[in-house]
file work31.cif (mmCIF, C-alpha atoms)
data_start
loop_
_atom_site.label_atom_id
_atom_site.label_comp_id
_atom_site.auth_asym_id
_atom_site.auth_seq_id
_atom_site.Cartn_x
_atom_site.Cartn_y
_atom_site.Cartn_z
CA MET C 1 108.44 97.98 102.70
CA SER C 2 111.24 96.34 100.82
CA ASN C 3 114.00 98.60 102.16
CA LEU C 4 113.54 97.49 105.76
CA PRO C 5 116.14 95.22 107.35
CA PRO C 6 115.05 91.64 108.03
CA LEU C 7 113.51 90.86 111.38
CA ASN C 8 116.26 88.85 113.03
CA THR C 9 118.58 89.09 116.03
CA ALA C 10 121.18 91.05 114.04
CA THR C 11 118.57 93.74 113.44
CA ILE C 12 117.53 93.68 117.10
CA TRP C 13 121.17 94.20 118.16
CA ALA C 14 121.52 97.00 115.60
CA ILE C 15 118.54 98.75 117.23
CA ILE C 16 120.04 98.34 120.71
CA ASN C 17 123.51 99.42 119.56
CA ASP C 18 122.09 102.43 117.71
CA THR C 19 123.43 101.42 114.31
CA ILE C 20 119.95 101.59 112.75
CA ASP C 21 118.40 105.06 112.62
CA ASP C 22 115.24 105.94 114.53
CA ASP C 23 113.20 106.30 111.33
CA THR C 24 113.95 102.69 110.36
CA VAL C 25 113.09 101.46 113.87
CA LYS C 26 109.73 103.22 113.64
CA LYS C 27 109.06 101.81 110.16
CA LEU C 28 109.87 98.28 111.37
CA LEU C 29 107.36 98.67 114.19
CA TRP C 30 104.75 100.18 111.88
CA TYR C 31 105.17 97.41 109.32
CA HIS C 32 104.86 94.63 111.88
CA LEU C 33 101.86 96.33 113.48
CA GLY C 34 100.18 96.27 110.05
CA TYR C 35 100.63 99.82 108.77
CA ARG C 36 101.43 99.87 105.05
CA TYR C 37 102.98 102.65 103.02
CA ASP C 38 101.35 103.52 99.71
CA PRO C 39 103.96 105.25 97.53
CA ILE C 40 101.33 106.30 94.98
CA THR C 41 99.41 108.40 97.50
CA ASP C 42 102.43 108.96 99.77
CA THR C 43 100.35 107.91 102.78
CA TRP C 44 100.17 105.15 105.32
CA THR C 45 97.15 102.85 105.35
CA ASN C 46 95.89 101.02 108.40
CA SER C 47 93.53 98.38 107.04
CA GLU C 48 95.83 95.60 108.33
CA VAL C 49 96.30 97.16 111.78
CA ALA C 50 94.54 95.57 114.76
CA PRO C 51 91.61 97.68 115.96
CA THR C 52 93.27 98.25 119.35
CA TRP C 53 96.01 100.15 117.54
CA ARG C 54 94.04 101.56 114.61
CA ASP C 55 91.38 103.16 116.83
CA GLU C 56 93.92 105.04 118.92
CA TYR C 57 96.52 105.58 116.20
CA PRO C 58 94.92 105.80 112.74
CA GLN C 59 98.30 107.06 111.53
CA PRO C 60 101.54 105.35 112.60
CA PRO C 61 102.72 106.77 115.93
CA ASP C 62 106.19 108.10 116.62
CA PHE C 63 107.42 105.51 119.09
CA ILE C 64 110.69 107.32 119.74
CA ASP C 65 109.18 110.71 120.63
CA SER C 66 105.76 109.75 121.97
CA ARG C 67 105.61 108.52 125.55
CA PRO C 68 101.95 107.36 125.26
CA ALA C 69 102.72 105.34 122.11
CA ILE C 70 105.75 103.59 123.61
CA MET C 71 103.79 102.87 126.79
CA LYS C 72 101.06 101.21 124.72
CA LEU C 73 103.76 99.22 122.89
CA THR C 74 105.24 98.14 126.24
CA ARG C 75 101.83 97.04 127.55
CA SER C 76 101.20 95.05 124.36
CA ILE C 77 104.19 92.76 125.01
CA PRO C 78 102.94 89.55 126.65
CA GLN C 79 104.17 89.25 130.25
CA GLU C 80 106.16 86.10 129.48
CA ASN C 81 108.08 88.03 126.77
CA LYS C 82 108.93 91.16 128.78
CA GLN C 83 112.51 90.01 129.48
CA LEU C 84 113.36 88.50 126.08
CA LEU C 85 116.28 90.87 125.46
CA LYS C 86 117.94 89.60 128.64
CA GLN C 87 116.80 85.97 128.42
CA LYS C 88 117.44 85.29 124.74
CA LEU C 89 120.10 87.83 123.75
CA GLY C 90 121.90 88.36 127.04
CA PHE C 91 121.35 92.13 126.90
CA LYS C 92 122.52 93.56 130.22
CA GLY C 93 120.88 96.95 129.76
CA TYR C 94 122.47 100.33 129.32
CA LYS C 95 124.99 101.74 131.79
CA ILE C 96 123.85 104.52 134.10
CA GLY C 97 124.67 107.88 132.57
CA GLU C 98 124.80 106.43 129.04
CA PHE C 99 121.10 106.29 128.31
CA GLY C 100 118.03 108.44 128.24
CA PRO C 101 114.42 108.16 127.08
CA ARG C 102 115.48 107.63 123.45
CA GLN C 103 117.63 104.57 124.27
CA THR C 104 114.97 103.18 126.59
CA ARG C 105 112.36 103.54 123.84
CA ARG C 106 114.66 101.86 121.33
CA ALA C 107 115.17 98.95 123.77
CA THR C 108 111.40 98.68 124.23
CA SER C 109 111.02 98.68 120.44
CA ALA C 110 113.66 95.96 120.14
CA ASN C 111 111.95 93.85 122.80
CA TRP C 112 108.54 94.25 121.12
CA LEU C 113 110.03 93.18 117.78
CA LEU C 114 111.75 90.21 119.44
CA SER C 115 108.46 89.22 121.06
CA TYR C 116 106.67 89.61 117.73
CA MET C 117 109.30 87.40 116.09
CA LEU C 118 108.84 84.69 118.74
CA ILE C 119 105.04 84.85 118.53
CA THR C 120 104.85 84.78 114.72
CA THR C 121 107.63 82.30 113.95
CA GLY C 122 107.98 80.35 117.20
CA THR C 123 111.71 81.02 117.26
CA ILE C 124 114.29 83.73 117.70
CA GLU C 125 117.07 83.74 115.13
#
call {"tool": "encode", "arguments": {"input": "work31.cif", "output": "structure tokens"}}
result
Amino acid sequence: MSNLPPLNTATIWAIINDTIDDDTVKKLLWYHLGYRYDPITDTWTNSEVAPTWRDEYPQPPDFIDSRPAIMKLTRSIPQENKQLLKQKLGFKGYKIGEFGPRQTRRATSANWLLSYMLITTGTIE
């Protein structure tokens, strides 16, 4: 999707700081998982999605509202990349009383995207 922001640390911070809307966060995840939008049919295709995702989620899941989907996303982050937000970006987490499930799911999404960036490019920029 050409209207998505680039996958870089500025985008990751925008997700954490809630300056990118939830719909864009979901579309970033979907795109990097392999889901593709077909504007002609107004549908999402999954031919590029790994079978482990495609079998359970033939249509892109709502990572912000679906606890099972975000849990699967969390489990798909390699163990060595689980703390990338803290290790590479210095993210200290949200303050108690200032976060809920939505912010936690956005942080998980940001960490998955950061892990994906490191795995696919070998760097975080």
call {"tool": "closest_atom_pairs", "arguments": {"input": "work31.cif", "of": "region 44-111 of chain C", "to": "region 10-30 of chain C", "cutoff": "12 Å", "atoms": "all atoms listed in the file", "output": "CSV"}}
result
residue,atom,partner,partner_atom,distance
C:Trp44,CA,C:Trp30,CA,9.4
C:Thr45,CA,C:Trp30,CA,10.4
C:Asn46,CA,C:Trp30,CA,9.6
C:Glu48,CA,C:Trp30,CA,10.6
C:Val49,CA,C:Trp30,CA,9.0
C:Ala50,CA,C:Trp30,CA,11.6
C:Trp53,CA,C:Trp30,CA,10.4
C:Arg54,CA,C:Trp30,CA,11.1
C:Tyr57,CA,C:Trp30,CA,10.7
C:Pro58,CA,C:Trp30,CA,11.4
C:Gln59,CA,C:Trp30,CA,9.4
C:Pro60,CA,C:Trp30,CA,6.1
C:Pro61,CA,C:Trp30,CA,8.0
C:Asp62,CA,C:Lys26,CA,6.7
C:Phe63,CA,C:Lys26,CA,6.3
C:Ile64,CA,C:Asp22,CA,7.1
C:Asp65,CA,C:Asp22,CA,9.8
C:Ser66,CA,C:Lys26,CA,11.3
C:Ala69,CA,C:Lys26,CA,11.2
C:Ile70,CA,C:Lys26,CA,10.7
C:Leu73,CA,C:Leu29,CA,9.4
C:Leu84,CA,C:Ile12,CA,11.2
C:Leu85,CA,C:Ile12,CA,8.9
C:Lys86,CA,C:Trp13,CA,11.9
C:Lys88,CA,C:Ile12,CA,11.3
C:Leu89,CA,C:Trp13,CA,8.5
C:Gly90,CA,C:Trp13,CA,10.7
C:Phe91,CA,C:Ile16,CA,8.9
C:Lys92,CA,C:Ile16,CA,10.9
C:Gly93,CA,C:Ile16,CA,9.2
C:Tyr94,CA,C:Ile16,CA,9.2
C:Glu98,CA,C:Asn17,CA,11.9
C:Phe99,CA,C:Ile16,CA,11.0
C:Arg102,CA,C:Asp22,CA,9.1
C:Gln103,CA,C:Ile16,CA,7.6
C:Thr104,CA,C:Ile16,CA,9.1
C:Arg105,CA,C:Ile16,CA,9.8
C:Arg106,CA,C:Ile15,CA,6.4
C:Ala107,CA,C:Ile16,CA,5.8
C:Thr108,CA,C:Ile16,CA,9.3
C:Ser109,CA,C:Leu29,CA,7.2
C:Ala110,CA,C:Ile12,CA,5.4
C:Asn111,CA,C:Ile12,CA,8.0
call {"tool": "atom_distance", "arguments": {"input": "work31.cif", "atom1": "CA of Lys72 (chain C)", "atom2": "CA of Thr41 (chain C)"}}
result
28.2 Å
call {"tool": "atom_distance", "arguments": {"input": "work31.cif", "atom1": "CA of Glu56 (chain C)", "atom2": "CA of Gln79 (chain C)"}}
result
22.0 Å
call {"tool": "closest_residue", "arguments": {"input": "work31.cif", "among": "C:Pro39, C:Gly34, C:Pro5, C:Gly100", "to": "Thr52 (chain C)", "atoms": "only C-alpha atoms"}}
result
C:Gly34
call {"tool": "closest_residue", "arguments": {"input": "work31.cif", "among": "C:Leu4, C:Pro101, C:Lys82, C:Thr9", "to": "Glu125 (chain C)", "atoms": "all atoms listed in the file"}}
result
C:Thr9
call {"tool": "closest_residue", "arguments": {"input": "work31.cif", "among": "C:His32, C:Arg75, C:Asn3, C:Pro68", "to": "Ile119 (chain C)", "atoms": "all atoms listed in the file"}}
result
C:His32
call {"tool": "closest_residue", "arguments": {"input": "work31.cif", "among": "C:Ile77, C:Leu7, C:Leu33, C:Met71", "to": "Met117 (chain C)", "atoms": "all atoms listed in the file"}}
result
C:Leu7
call {"tool": "atom_distance", "arguments": {"input": "work31.cif", "atom1": "CA of Ser115 (chain C)", "atom2": "CA of Pro78 (chain C)"}}
result
7.9 Å
call {"tool": "closest_residue", "arguments": {"input": "work31.cif", "among": "C:Pro51, C:Gly97, C:Ser76, C:Tyr116", "to": "Tyr31 (chain C)", "atoms": "only C-alpha atoms"}}
result
C:Tyr116
call {"tool": "closest_residue", "arguments": {"input": "work31.cif", "among": "C:Tyr37, C:Arg67, C:Gln87, C:Asn8", "to": "Leu114 (chain C)", "atoms": "all atoms listed in the file"}}
result
C:Asn8
call {"tool": "build_atoms", "arguments": {"input": "work31.cif", "residues": "region 72-94 of chain C", "atoms": "N, CA, C and O atoms", "output": "PDB file, in the frame of the given file"}}
result
ATOM      1  N   LYS C  72     102.016 102.171 125.288  1.00  0.00           N
ATOM      2  CA  LYS C  72     101.060 101.210 124.720  1.00  0.00           C
ATOM      3  C   LYS C  72     101.822 100.026 124.132  1.00  0.00           C
ATOM      4  O   LYS C  72     101.410  98.876 124.287  1.00  0.00           O
ATOM      5  N   LEU C  73     102.946 100.295 123.463  1.00  0.00           N
ATOM      6  CA  LEU C  73     103.760  99.220 122.890  1.00  0.00           C
ATOM      7  C   LEU C  73     104.275  98.313 124.011  1.00  0.00           C
ATOM      8  O   LEU C  73     104.200  97.091 123.901  1.00  0.00           O
ATOM      9  N   THR C  74     104.749  98.903 125.091  1.00  0.00           N
ATOM     10  CA  THR C  74     105.240  98.140 126.240  1.00  0.00           C
ATOM     11  C   THR C  74     104.140  97.241 126.801  1.00  0.00           C
ATOM     12  O   THR C  74     104.362  96.049 127.055  1.00  0.00           O
ATOM     13  N   ARG C  75     102.955  97.813 126.989  1.00  0.00           N
ATOM     14  CA  ARG C  75     101.830  97.040 127.550  1.00  0.00           C
ATOM     15  C   ARG C  75     101.370  95.925 126.608  1.00  0.00           C
ATOM     16  O   ARG C  75     100.775  94.946 127.057  1.00  0.00           O
ATOM     17  N   SER C  76     101.654  96.067 125.319  1.00  0.00           N
ATOM     18  CA  SER C  76     101.200  95.050 124.360  1.00  0.00           C
ATOM     19  C   SER C  76     102.130  93.836 124.303  1.00  0.00           C
ATOM     20  O   SER C  76     101.804  92.833 123.671  1.00  0.00           O
ATOM     21  N   ILE C  77     103.282  93.913 124.960  1.00  0.00           N
ATOM     22  CA  ILE C  77     104.190  92.760 125.010  1.00  0.00           C
ATOM     23  C   ILE C  77     103.655  91.781 126.045  1.00  0.00           C
ATOM     24  O   ILE C  77     103.445  92.162 127.200  1.00  0.00           O
ATOM     25  N   PRO C  78     103.421  90.528 125.667  1.00  0.00           N
ATOM     26  CA  PRO C  78     102.940  89.550 126.650  1.00  0.00           C
ATOM     27  C   PRO C  78     103.906  89.450 127.843  1.00  0.00           C
ATOM     28  O   PRO C  78     105.125  89.537 127.674  1.00  0.00           O
ATOM     29  N   GLN C  79     103.368  89.274 129.019  1.00  0.00           N
ATOM     30  CA  GLN C  79     104.170  89.250 130.250  1.00  0.00           C
ATOM     31  C   GLN C  79     105.342  88.282 130.144  1.00  0.00           C
ATOM     32  O   GLN C  79     106.451  88.601 130.561  1.00  0.00           O
ATOM     33  N   GLU C  80     105.096  87.108 129.566  1.00  0.00           N
ATOM     34  CA  GLU C  80     106.160  86.100 129.480  1.00  0.00           C
ATOM     35  C   GLU C  80     107.285  86.516 128.520  1.00  0.00           C
ATOM     36  O   GLU C  80     108.350  85.889 128.489  1.00  0.00           O
ATOM     37  N   ASN C  81     107.069  87.574 127.732  1.00  0.00           N
ATOM     38  CA  ASN C  81     108.080  88.030 126.770  1.00  0.00           C
ATOM     39  C   ASN C  81     108.740  89.346 127.180  1.00  0.00           C
ATOM     40  O   ASN C  81     109.554  89.885 126.439  1.00  0.00           O
ATOM     41  N   LYS C  82     108.414  89.858 128.347  1.00  0.00           N
ATOM     42  CA  LYS C  82     108.930  91.160 128.780  1.00  0.00           C
ATOM     43  C   LYS C  82     110.450  91.189 128.944  1.00  0.00           C
ATOM     44  O   LYS C  82     111.059  92.243 128.821  1.00  0.00           O
ATOM     45  N   GLN C  83     111.063  90.060 129.221  1.00  0.00           N
ATOM     46  CA  GLN C  83     112.510  90.010 129.480  1.00  0.00           C
ATOM     47  C   GLN C  83     113.281  89.290 128.368  1.00  0.00           C
ATOM     48  O   GLN C  83     114.387  88.810 128.587  1.00  0.00           O
ATOM     49  N   LEU C  84     112.714  89.235 127.167  1.00  0.00           N
ATOM     50  CA  LEU C  84     113.360  88.500 126.080  1.00  0.00           C
ATOM     51  C   LEU C  84     114.754  89.017 125.735  1.00  0.00           C
ATOM     52  O   LEU C  84     115.647  88.230 125.414  1.00  0.00           O
ATOM     53  N   LEU C  85     114.951  90.333 125.791  1.00  0.00           N
ATOM     54  CA  LEU C  85     116.280  90.870 125.460  1.00  0.00           C
ATOM     55  C   LEU C  85     117.338  90.287 126.400  1.00  0.00           C
ATOM     56  O   LEU C  85     118.426  89.924 125.962  1.00  0.00           O
ATOM     57  N   LYS C  86     117.001  90.167 127.666  1.00  0.00           N
ATOM     58  CA  LYS C  86     117.940  89.600 128.640  1.00  0.00           C
ATOM     59  C   LYS C  86     118.012  88.088 128.502  1.00  0.00           C
ATOM     60  O   LYS C  86     119.099  87.503 128.484  1.00  0.00           O
ATOM     61  N   GLN C  87     116.850  87.439 128.422  1.00  0.00           N
ATOM     62  CA  GLN C  87     116.800  85.970 128.420  1.00  0.00           C
ATOM     63  C   GLN C  87     117.378  85.354 127.153  1.00  0.00           C
ATOM     64  O   GLN C  87     118.082  84.353 127.213  1.00  0.00           O
ATOM     65  N   LYS C  88     117.043  85.908 126.011  1.00  0.00           N
ATOM     66  CA  LYS C  88     117.440  85.290 124.740  1.00  0.00           C
ATOM     67  C   LYS C  88     118.694  85.890 124.122  1.00  0.00           C
ATOM     68  O   LYS C  88     119.428  85.198 123.416  1.00  0.00           O
ATOM     69  N   LEU C  89     118.931  87.188 124.369  1.00  0.00           N
ATOM     70  CA  LEU C  89     120.100  87.830 123.750  1.00  0.00           C
ATOM     71  C   LEU C  89     121.195  88.172 124.748  1.00  0.00           C
ATOM     72  O   LEU C  89     122.281  88.585 124.361  1.00  0.00           O
ATOM     73  N   GLY C  90     120.895  88.037 126.032  1.00  0.00           N
ATOM     74  CA  GLY C  90     121.900  88.360 127.040  1.00  0.00           C
ATOM     75  C   GLY C  90     122.150  89.850 127.199  1.00  0.00           C
ATOM     76  O   GLY C  90     123.193  90.260 127.713  1.00  0.00           O
ATOM     77  N   PHE C  91     121.207  90.678 126.785  1.00  0.00           N
ATOM     78  CA  PHE C  91     121.350  92.130 126.900  1.00  0.00           C
ATOM     79  C   PHE C  91     121.336  92.511 128.378  1.00  0.00           C
ATOM     80  O   PHE C  91     120.413  92.183 129.105  1.00  0.00           O
ATOM     81  N   LYS C  92     122.368  93.199 128.804  1.00  0.00           N
ATOM     82  CA  LYS C  92     122.520  93.560 130.220  1.00  0.00           C
ATOM     83  C   LYS C  92     121.898  94.918 130.542  1.00  0.00           C
ATOM     84  O   LYS C  92     121.875  95.318 131.695  1.00  0.00           O
ATOM     85  N   GLY C  93     121.415  95.614 129.541  1.00  0.00           N
ATOM     86  CA  GLY C  93     120.880  96.950 129.760  1.00  0.00           C
ATOM     87  C   GLY C  93     121.941  97.992 129.478  1.00  0.00           C
ATOM     88  O   GLY C  93     123.101  97.664 129.210  1.00  0.00           O
ATOM     89  N   TYR C  94     121.538  99.227 129.544  1.00  0.00           N
ATOM     90  CA  TYR C  94     122.470 100.330 129.320  1.00  0.00           C
ATOM     91  C   TYR C  94     123.102 100.729 130.650  1.00  0.00           C
ATOM     92  O   TYR C  94     122.518 100.549 131.713  1.00  0.00           O
TER      93      TYR C  94
END
